[in-house]
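Asker: The following file, coords_29.txt, comprises compact mmCIF, C-alpha atoms:
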# COMPACT_ATOMS: atom_id res chain seq x y z
CA MET A 1 -17.00 -8.20 14.35
CA THR A 2 -16.99 -11.28 12.18
CA SER A 3 -18.74 -14.46 13.18
CA SER A 4 -15.34 -16.08 13.75
CA VAL A 5 -15.16 -14.26 17.07
CA LEU A 6 -18.02 -16.36 18.30
CA GLN A 7 -16.61 -19.68 17.17
CA PRO A 8 -15.35 -21.68 20.16
CA ALA A 9 -12.71 -23.35 17.96
CA THR A 10 -11.02 -20.01 17.21
CA ARG A 11 -11.25 -18.96 20.83
CA LYS A 12 -9.57 -22.14 22.04
CA GLU A 13 -6.86 -22.02 19.38
CA SER A 14 -5.97 -18.39 20.09
CA LEU A 15 -5.86 -19.05 23.84
CA VAL A 16 -3.58 -22.09 23.47
CA ASP A 17 -1.29 -20.23 21.05
CA ALA A 18 -1.14 -17.19 23.33
CA LEU A 19 -0.23 -19.20 26.45
CA PRO A 20 3.58 -18.71 26.34
CA ILE A 21 3.07 -14.95 25.95
CA VAL A 22 0.33 -14.89 28.59
CA THR A 23 2.66 -16.61 31.09
CA GLY A 24 5.65 -14.45 30.23
CA TYR A 25 3.68 -11.19 30.32
CA PHE A 26 2.21 -12.05 33.69
CA VAL A 27 5.67 -12.54 35.18
CA VAL A 28 7.19 -9.42 33.61
CA SER A 29 4.31 -7.13 34.56
CA PHE A 30 4.23 -8.69 38.04
CA VAL A 31 7.79 -7.43 38.45
CA PHE A 32 6.68 -4.08 37.01
CA GLY A 33 3.90 -3.85 39.61
CA VAL A 34 6.32 -4.67 42.44
CA MET A 35 8.83 -2.07 41.22
CA CYS A 36 6.16 0.64 41.00
CA ILE A 37 5.09 0.10 44.61
CA ASN A 38 8.70 -0.13 45.82
CA ALA A 39 9.38 3.19 44.06
CA GLY A 40 6.58 4.74 46.12
CA LEU A 41 4.09 5.11 43.27
CA PRO A 42 0.35 4.69 43.89
CA LEU A 43 -1.41 1.39 43.25
CA TRP A 44 -3.45 2.72 40.34
CA LEU A 45 -0.35 3.65 38.33
CA PRO A 46 0.88 0.17 37.30
CA ALA A 47 -2.73 -0.83 36.57
CA ALA A 48 -3.37 2.26 34.42
CA MET A 49 -0.02 1.94 32.64
CA CYS A 50 -0.63 -1.68 31.74
CA LEU A 51 -4.20 -0.97 30.66
CA PHE A 52 -3.61 2.16 28.57
CA VAL A 53 0.05 2.06 27.50
CA TYR A 54 0.75 -1.68 27.19
CA ALA A 55 4.43 -1.41 26.20
CA GLY A 56 6.96 -3.34 28.26
CA ALA A 57 10.32 -1.64 27.72
CA ALA A 58 8.79 1.85 27.54
CA GLN A 59 6.97 1.29 30.85
CA PHE A 60 10.14 0.22 32.67
CA ALA A 61 12.04 3.20 31.25
CA ALA A 62 9.23 5.57 32.26
CA LEU A 63 9.20 4.10 35.77
CA ALA A 64 12.83 5.08 36.24
CA LEU A 65 12.14 8.55 34.81
CA MET A 66 9.02 9.14 36.89
CA THR A 67 10.66 8.29 40.19
CA THR A 68 13.18 11.06 39.52
CA SER A 69 10.30 13.36 38.42
CA ALA A 70 11.82 13.80 34.96
CA PRO A 71 10.11 16.33 32.66
CA LEU A 72 7.14 14.97 30.71
CA ILE A 73 8.88 15.71 27.41
CA THR A 74 11.68 13.29 28.41
CA ILE A 75 9.17 10.59 29.17
CA ALA A 76 7.40 11.28 25.87
CA LEU A 77 10.64 11.12 23.84
CA SER A 78 11.85 7.97 25.55
CA THR A 79 8.49 6.31 24.82
CA LEU A 80 8.63 7.40 21.18
CA LEU A 81 12.21 6.19 20.74
CA ILE A 82 11.69 2.82 22.41
CA ASN A 83 8.39 2.12 20.64
CA SER A 84 9.45 3.37 17.21
CA ARG A 85 10.24 -0.20 16.13
CA HIS A 86 6.52 -0.98 16.36
CA MET A 87 6.01 1.20 13.27
CA LEU A 88 7.99 -1.36 11.25
CA MET A 89 5.94 -4.19 12.68
CA ALA A 90 2.66 -2.35 12.09
CA MET A 91 3.73 -1.68 8.48
CA TYR A 92 4.19 -5.39 7.94
CA MET A 93 0.87 -6.26 9.60
CA SER A 94 -0.90 -3.50 7.67
CA LYS A 95 0.41 -4.88 4.36
CA ARG A 96 -0.29 -8.50 5.19
CA SER A 97 -3.71 -7.86 6.69
CA ALA A 98 -4.83 -6.60 3.28
CA GLN A 99 -5.28 -10.30 2.45
CA LEU A 100 -7.56 -10.82 5.43
CA PRO A 101 -11.22 -9.88 5.72
CA ILE A 102 -10.39 -7.37 8.43
CA SER A 103 -12.24 -4.05 8.80
CA LYS A 104 -10.70 -0.67 9.57
CA PRO A 105 -11.98 -0.58 13.20
CA GLN A 106 -10.61 -4.09 13.71
CA LYS A 107 -7.23 -2.98 12.36
CA LEU A 108 -7.16 -0.01 14.71
CA LEU A 109 -8.15 -2.23 17.62
CA TYR A 110 -5.45 -4.70 16.60
CA ALA A 111 -2.86 -1.90 16.54
CA PHE A 112 -3.50 -1.24 20.23
CA GLY A 113 -2.43 -4.78 21.09
CA LEU A 114 0.59 -4.97 18.77
CA THR A 115 3.70 -5.91 20.76
CA ASP A 116 7.06 -7.53 19.94
CA GLU A 117 5.80 -10.91 20.98
CA SER A 118 2.36 -10.81 19.35
CA PHE A 119 3.98 -9.52 16.16
CA ALA A 120 6.52 -12.35 16.26
CA PHE A 121 3.82 -14.96 16.62
CA HIS A 122 1.37 -13.48 14.12
CA SER A 123 3.95 -12.75 11.42
CA GLN A 124 5.28 -16.27 11.69
CA ARG A 125 1.75 -17.63 11.34
CA LEU A 126 0.99 -15.42 8.33
CA GLU A 127 4.34 -16.19 6.63
CA ASN A 128 3.63 -19.89 7.01
CA GLY A 129 0.33 -19.32 5.21
CA ARG A 130 -1.92 -20.57 8.00
CA PRO A 131 -5.53 -19.36 7.78
CA THR A 132 -5.94 -16.52 10.27
CA SER A 133 -9.15 -14.67 11.06
CA PRO A 134 -9.44 -11.19 12.57
CA GLY A 135 -11.19 -12.82 15.52
CA TYR A 136 -8.19 -15.03 16.14
CA LEU A 137 -5.78 -12.05 16.08
CA LEU A 138 -7.90 -9.86 18.34
CA GLN A 139 -8.62 -12.61 20.88
CA PHE A 140 -4.94 -13.51 20.99
CA ASN A 141 -4.07 -9.90 21.81
CA THR A 142 -6.84 -9.67 24.39
CA TYR A 143 -5.51 -12.67 26.33
CA CYS A 144 -1.98 -11.24 26.29
CA HIS A 145 -3.15 -7.78 27.35
CA ALA A 146 -5.35 -9.20 30.14
CA SER A 147 -2.43 -11.13 31.64
CA TRP A 148 -0.24 -8.02 31.34
CA ILE A 149 -2.76 -6.04 33.42
CA ALA A 150 -3.38 -8.91 35.86
CA GLY A 151 0.35 -9.40 36.47
CA ALA A 152 0.87 -5.73 37.33
CA VAL A 153 -2.08 -5.66 39.74
CA PHE A 154 -0.99 -8.87 41.48
CA GLY A 155 2.60 -7.65 41.63
CA ALA A 156 1.60 -4.29 43.09
CA VAL A 157 -0.58 -5.95 45.74
CA ALA A 158 1.97 -8.62 46.62
CA SER A 159 5.00 -6.35 46.32
CA ASP A 160 6.71 -7.78 49.41
CA ALA A 161 6.94 -11.32 48.07
CA LEU A 162 9.24 -10.35 45.19
CA ASN A 163 12.61 -11.38 46.51
CA ARG A 164 11.83 -15.08 46.84
CA PHE A 165 9.97 -15.06 43.54
CA SER A 166 12.64 -13.50 41.38
CA GLN A 167 15.27 -16.21 41.85
CA PHE A 168 14.10 -17.96 38.70
CA LYS A 169 13.60 -15.94 35.56
CA LEU A 170 10.35 -17.49 34.40
CA ASP A 171 9.96 -14.66 31.93
CA TYR A 172 12.60 -16.47 29.91
CA ALA A 173 9.48 -17.96 28.29
CA LEU A 174 9.32 -14.78 26.21
CA THR A 175 12.92 -15.02 25.00
CA ALA A 176 12.45 -18.72 24.25
CA MET A 177 9.34 -17.93 22.22
CA MET A 178 11.16 -15.26 20.22
CA ILE A 179 14.00 -17.68 19.46
CA PHE A 180 11.50 -20.32 18.36
CA VAL A 181 9.85 -17.83 16.01
CA LEU A 182 13.22 -16.76 14.63
CA ILE A 183 14.18 -20.36 13.90
CA SER A 184 10.90 -21.08 12.16
CA LEU A 185 11.11 -17.86 10.12
CA CYS A 186 14.54 -18.90 8.81
CA SER A 187 12.78 -21.13 6.31
CA ASN A 188 15.31 -20.70 3.49
CA PHE A 189 18.94 -19.70 2.98
CA THR A 190 18.17 -16.05 2.18
CA LYS A 191 16.18 -15.53 5.37
CA ALA A 192 18.76 -17.30 7.54
CA LEU A 193 21.43 -15.07 6.02
CA ILE A 194 19.31 -11.95 6.67
CA ALA A 195 18.96 -13.03 10.31
CA LEU A 196 22.73 -13.46 10.61
CA VAL A 197 23.48 -10.10 8.97
CA VAL A 198 20.97 -8.34 11.22
CA ILE A 199 22.32 -9.98 14.39
CA VAL A 200 25.91 -9.01 13.59
CA THR A 201 24.90 -5.48 12.56
CA THR A 202 22.80 -4.92 15.69
CA CYS A 203 25.53 -6.28 17.98
CA LEU A 204 28.15 -4.01 16.44
CA LEU A 205 25.84 -0.98 16.57
CA ASN A 206 24.88 -1.72 20.18
CA MET A 207 28.53 -2.08 21.15
CA TYR A 208 29.61 1.25 19.73
CA ALA A 209 26.40 3.32 19.69
CA PRO A 210 23.59 1.83 21.80
CA SER A 211 20.22 3.19 20.61
CA PRO A 212 16.68 1.83 20.16
CA LEU A 213 16.93 3.04 16.55
CA ASN A 214 19.61 0.44 15.77
CA VAL A 215 16.76 -1.96 14.97
CA PHE A 216 15.86 0.22 11.96
CA ILE A 217 19.42 0.39 10.63
CA ALA A 218 20.04 -3.33 11.11
CA THR A 219 16.69 -4.24 9.53
CA ALA A 220 17.49 -2.06 6.51
CA VAL A 221 20.96 -3.62 6.13
CA GLY A 222 19.49 -7.13 6.47
CA CYS A 223 16.69 -6.53 3.96
CA GLY A 224 19.23 -4.95 1.59
CA ALA A 225 21.45 -8.04 1.84
CA GLY A 226 18.41 -10.23 1.15
CA LEU A 227 17.46 -8.22 -1.94
CA CYS A 228 21.05 -8.37 -3.30
CA LEU A 229 21.11 -12.12 -2.83
CA LYS A 230 17.76 -12.46 -4.57
CA ARG A 231 18.96 -10.42 -7.57
CA THR A 232 22.17 -12.38 -8.07
CA THR A 233 20.66 -15.87 -7.83
CA MET B 1 5.72 10.40 45.66
CA PRO B 2 5.46 12.44 42.44
CA GLU B 3 2.34 14.56 42.06
CA GLU B 4 -0.78 12.79 40.89
CA ASN B 5 -1.41 15.16 37.96
CA TYR B 6 2.13 14.53 36.74
CA LEU B 7 1.61 10.76 36.82
CA ILE B 8 -1.75 11.01 35.03
CA ALA B 9 -0.21 13.21 32.33
CA ALA B 10 2.70 10.78 31.93
CA VAL B 11 0.37 7.80 31.46
CA MET B 12 -1.81 9.67 28.97
CA LEU B 13 1.17 10.88 26.95
CA MET B 14 2.72 7.43 26.84
CA ALA B 15 -0.57 5.82 25.85
CA ALA B 16 -1.06 8.30 22.99
CA ILE B 17 2.50 7.96 21.67
CA THR B 18 2.56 4.18 21.93
CA TYR B 19 -0.76 3.88 20.13
CA LEU B 20 0.27 6.31 17.37
CA THR B 21 3.45 4.39 16.55
CA ARG B 22 1.40 1.21 16.25
CA ALA B 23 -1.69 2.53 14.48
CA THR B 24 -0.43 5.02 11.86
CA PRO B 25 0.96 2.35 9.50
CA PHE B 26 -2.49 0.74 9.42
CA LEU B 27 -3.93 3.96 7.99
CA LEU B 28 -1.62 3.89 4.95
CA LYS B 29 -2.93 2.55 1.65
CA MET B 30 -1.01 -0.68 1.11
CA GLU B 31 -2.88 -2.26 -1.81
CA LYS B 32 -0.83 -0.75 -4.65
CA SER B 33 2.79 -0.93 -3.66
CA PRO B 34 5.89 -1.54 -5.81
CA LYS B 35 7.40 -5.00 -6.13
CA LEU B 36 10.53 -4.00 -4.23
CA PHE B 37 8.32 -3.14 -1.24
CA ASN B 38 6.67 -6.57 -1.39
CA ASP B 39 10.07 -8.25 -1.26
CA ILE B 40 11.10 -6.18 1.73
CA ILE B 41 7.83 -6.93 3.53
CA GLU B 42 8.61 -10.63 3.26
CA TYR B 43 11.98 -10.08 4.94
CA LEU B 44 10.76 -7.71 7.67
CA PRO B 45 9.70 -10.24 10.34
CA VAL B 46 12.91 -12.27 10.28
CA ALA B 47 15.03 -9.10 10.29
CA ILE B 48 13.15 -7.35 13.10
CA ILE B 49 12.96 -10.42 15.31
CA ALA B 50 16.63 -11.26 14.77
CA SER B 51 17.48 -7.69 15.73
CA ILE B 52 15.41 -7.50 18.92
CA THR B 53 16.06 -11.03 20.20
CA VAL B 54 19.59 -12.34 19.69
CA PRO B 55 21.76 -9.22 20.28
CA ALA B 56 20.14 -8.85 23.74
CA LEU B 57 21.80 -12.18 24.63
CA LEU B 58 25.24 -11.03 23.48
CA VAL B 59 25.63 -7.30 24.17
CA ALA B 60 24.65 -5.42 27.35
CA LYS B 61 22.65 -2.17 27.29
CA ASP B 62 25.83 -0.14 27.86
CA GLY B 63 27.50 -1.75 24.84
CA SER B 64 29.81 -4.18 26.65
CA LEU B 65 29.97 -7.83 25.63
CA LEU B 66 28.09 -10.16 27.97
CA GLY B 67 30.18 -13.28 27.40
CA LEU B 68 28.70 -16.59 28.52
CA ASN B 69 25.51 -15.89 30.44
CA THR B 70 22.45 -17.81 31.60
CA ASP B 71 20.15 -16.35 28.95
CA LEU B 72 22.58 -17.24 26.17
CA LEU B 73 23.18 -20.78 27.45
CA ALA B 74 19.45 -21.42 27.87
CA ALA B 75 19.02 -20.44 24.21
CA ILE B 76 20.92 -23.57 23.13
CA PRO B 77 18.19 -26.06 24.17
CA VAL B 78 15.59 -23.70 22.66
CA VAL B 79 17.33 -23.64 19.27
CA ILE B 80 17.79 -27.42 19.24
CA VAL B 81 14.22 -28.18 20.27
CA ALA B 82 12.77 -25.49 17.97
CA TYR B 83 14.74 -26.83 14.99
CA TRP B 84 13.83 -30.48 15.47
CA SER B 85 10.35 -30.35 16.96
CA ARG B 86 9.01 -27.20 15.26
CA SER B 87 6.84 -26.93 18.36
CA LEU B 88 6.44 -23.65 20.22
CA ILE B 89 5.38 -25.14 23.53
CA TYR B 90 8.25 -27.69 23.66
CA SER B 91 10.73 -24.94 22.77
CA VAL B 92 9.46 -22.64 25.51
CA CYS B 93 9.48 -25.47 28.09
CA ALA B 94 13.05 -26.39 27.09
CA GLY B 95 14.12 -22.77 27.48
CA VAL B 96 12.52 -22.16 30.88
CA ALA B 97 13.61 -25.57 32.25
CA GLY B 98 17.12 -24.99 30.91
CA HIS B 99 17.22 -21.54 32.47
CA VAL B 100 16.11 -22.83 35.90
CA ALA B 101 18.64 -25.70 35.71
CA ILE B 102 21.52 -23.36 34.82
CA THR B 103 20.52 -20.92 37.59
CA LEU B 104 20.53 -23.76 40.12
CA LEU B 105 23.87 -25.19 38.94
CA ALA B 106 25.72 -21.89 38.57
So, in terms of structure tokens, how does the structure I just supplied come out?
Answerer:
Amino acid sequence: MTSSVLQPATRKESLVDALPIVTGYFVVSFVFGVMCINAGLPLWLPAAMCLFVYAGAAQFAALALMTTSAPLITIALSTLLINSRHMLMAMYMSKRSAQLPISKPQKLLYAFGLTDESFAFHSQRLENGRPTSPGYLLQFNTYCHASWIAGAVFGAVASDALNRFSQFKLDYALTAMMIFVLISLCSNFTKALIALVVIVTTCLLNMYAPSPLNVFIATAVGCGAGLCLKRTT
Amino acid sequence: MPEENYLIAAVMLMAAITYLTRATPFLLKMEKSPKLFNDIIEYLPVAIIASITVPALLVAKDGSLLGLNTDLLAAIPVVIVAYWSRSLIYSVCAGVAGHVAITLLA
């Protein structure tokens, strides 16, 4: 670990930056905990899932599969398919982290906490050229992961109180954060155009052939459009 | 309730697969990569985030169009606040407050 981990300034900054994700994760995993108990699963399951798996969409999909006692291979494939997009994100972080003084064990620890939302926030920070230490990245992920686990445990314990709680979708904080990141990543014409191309492509693909792999196709089309634009101008 | 061994196996499998998809790219040597790859890397975040965020507001999981919905409408204050303030916390507050307001009014 670098000394930056011990610096209170980094700790405070990463906690403040992580707050929207921490709040959103708590709400989403709270719902996950409630659903697990309502589906008749034991209390340890949502806690273990959130601790060891730490993947939102894949966990909800697995919950549905497990309650119907689907074969393990189905659960494995659904997890692989839903999480495959994280390979793209990890590729980006792997490339960009070459500029940081980050060690191999730190990278592998970071990979465990890589999610859509942490990737969105960290990539935006790195693209904007803000100084980022490994300690900052790892603390940020730890706060998010801790609230993910805490939410599931609270939700499982308080599973009866769900109905009144779910009237307002407070987890919209996550969507709002993603939109904010998207807006701030559209820093020039090319990137705004890529975003537009990707949105249209994904919508069309999802309308006619819904699949978690559509993210790959749309990302490739968008990056291709960006490269063409760069060549011609 | 499904059998305990089944649940333990499911959690372990999911943990292994999830971690592998996230960790393997970090094991690749990235120092010497062609220029084309560097250009693509720059575009990856905006493309991925556009793909996983906005279409979810427009198209349902089964492929049908969602039309005007609360999530989409609440995105309007987020975009406006994000564009003008460049502040994450204001954007998130605008989105959640907008979402609650629309839920109450609808």
Asker: Give me the residues within 8 Å of stretch 189-197 of chain A as a PDB file with C-alpha atoms, keeping the file's coordinate frame, counting all atoms listed in the file and dropping any in the same chain fewer than 5 places off.
Answerer:
ATOM      1  CA  ALA A 218      20.040  -3.330  11.110  1.00  0.00           C
ATOM      2  CA  VAL A 221      20.960  -3.620   6.130  1.00  0.00           C
ATOM      3  CA  GLY A 222      19.490  -7.130   6.470  1.00  0.00           C
ATOM      4  CA  CYS A 223      16.690  -6.530   3.960  1.00  0.00           C
ATOM      5  CA  ALA A 225      21.450  -8.040   1.840  1.00  0.00           C
ATOM      6  CA  GLY A 226      18.410 -10.230   1.150  1.00  0.00           C
ATOM      7  CA  LEU A 229      21.110 -12.120  -2.830  1.00  0.00           C
ATOM      8  CA  LYS A 230      17.760 -12.460  -4.570  1.00  0.00           C
TER       9      LYS A 230
ATOM     10  CA  TYR B  43      11.980 -10.080   4.940  1.00  0.00           C
ATOM     11  CA  VAL B  46      12.910 -12.270  10.280  1.00  0.00           C
ATOM     12  CA  ALA B  47      15.030  -9.100  10.290  1.00  0.00           C
ATOM     13  CA  ALA B  50      16.630 -11.260  14.770  1.00  0.00           C
ATOM     14  CA  SER B  51      17.480  -7.690  15.730  1.00  0.00           C
TER      15      SER B  51
END
Asker: Could you check the closest approach to chain A for each of B:Leu66, B:Asn5, B:Pro55, B:Ala97 and tell me which residue wins, using only C-alpha atoms?
Answerer: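 For chain A, the nearest of the given residues is B:Pro55.
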Asker: Which of these, A:Gly135, A:Pro212, A:Pro105, A:Gly40, has the shortest distance to chain B once you count only C-alpha atoms?
Answerer: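 Selected residue with least distance to chain B: A:Gly40.
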Asker: Can you pull out the residues contacting A:Thr23? Cut-off 9 Å, using only C-alpha atoms, and skip same-chain residues under 2 positions away; I want them as a ChimeraX atom specification.
Answerer: /A:18-21,25-28,144,147,170-171,173-174
Asker: Have a look at atom CA of A:Ile183 and atom CA of B:Leu44 and let me know their distance in Å, one decimal.
Answerer: 14.5 Å
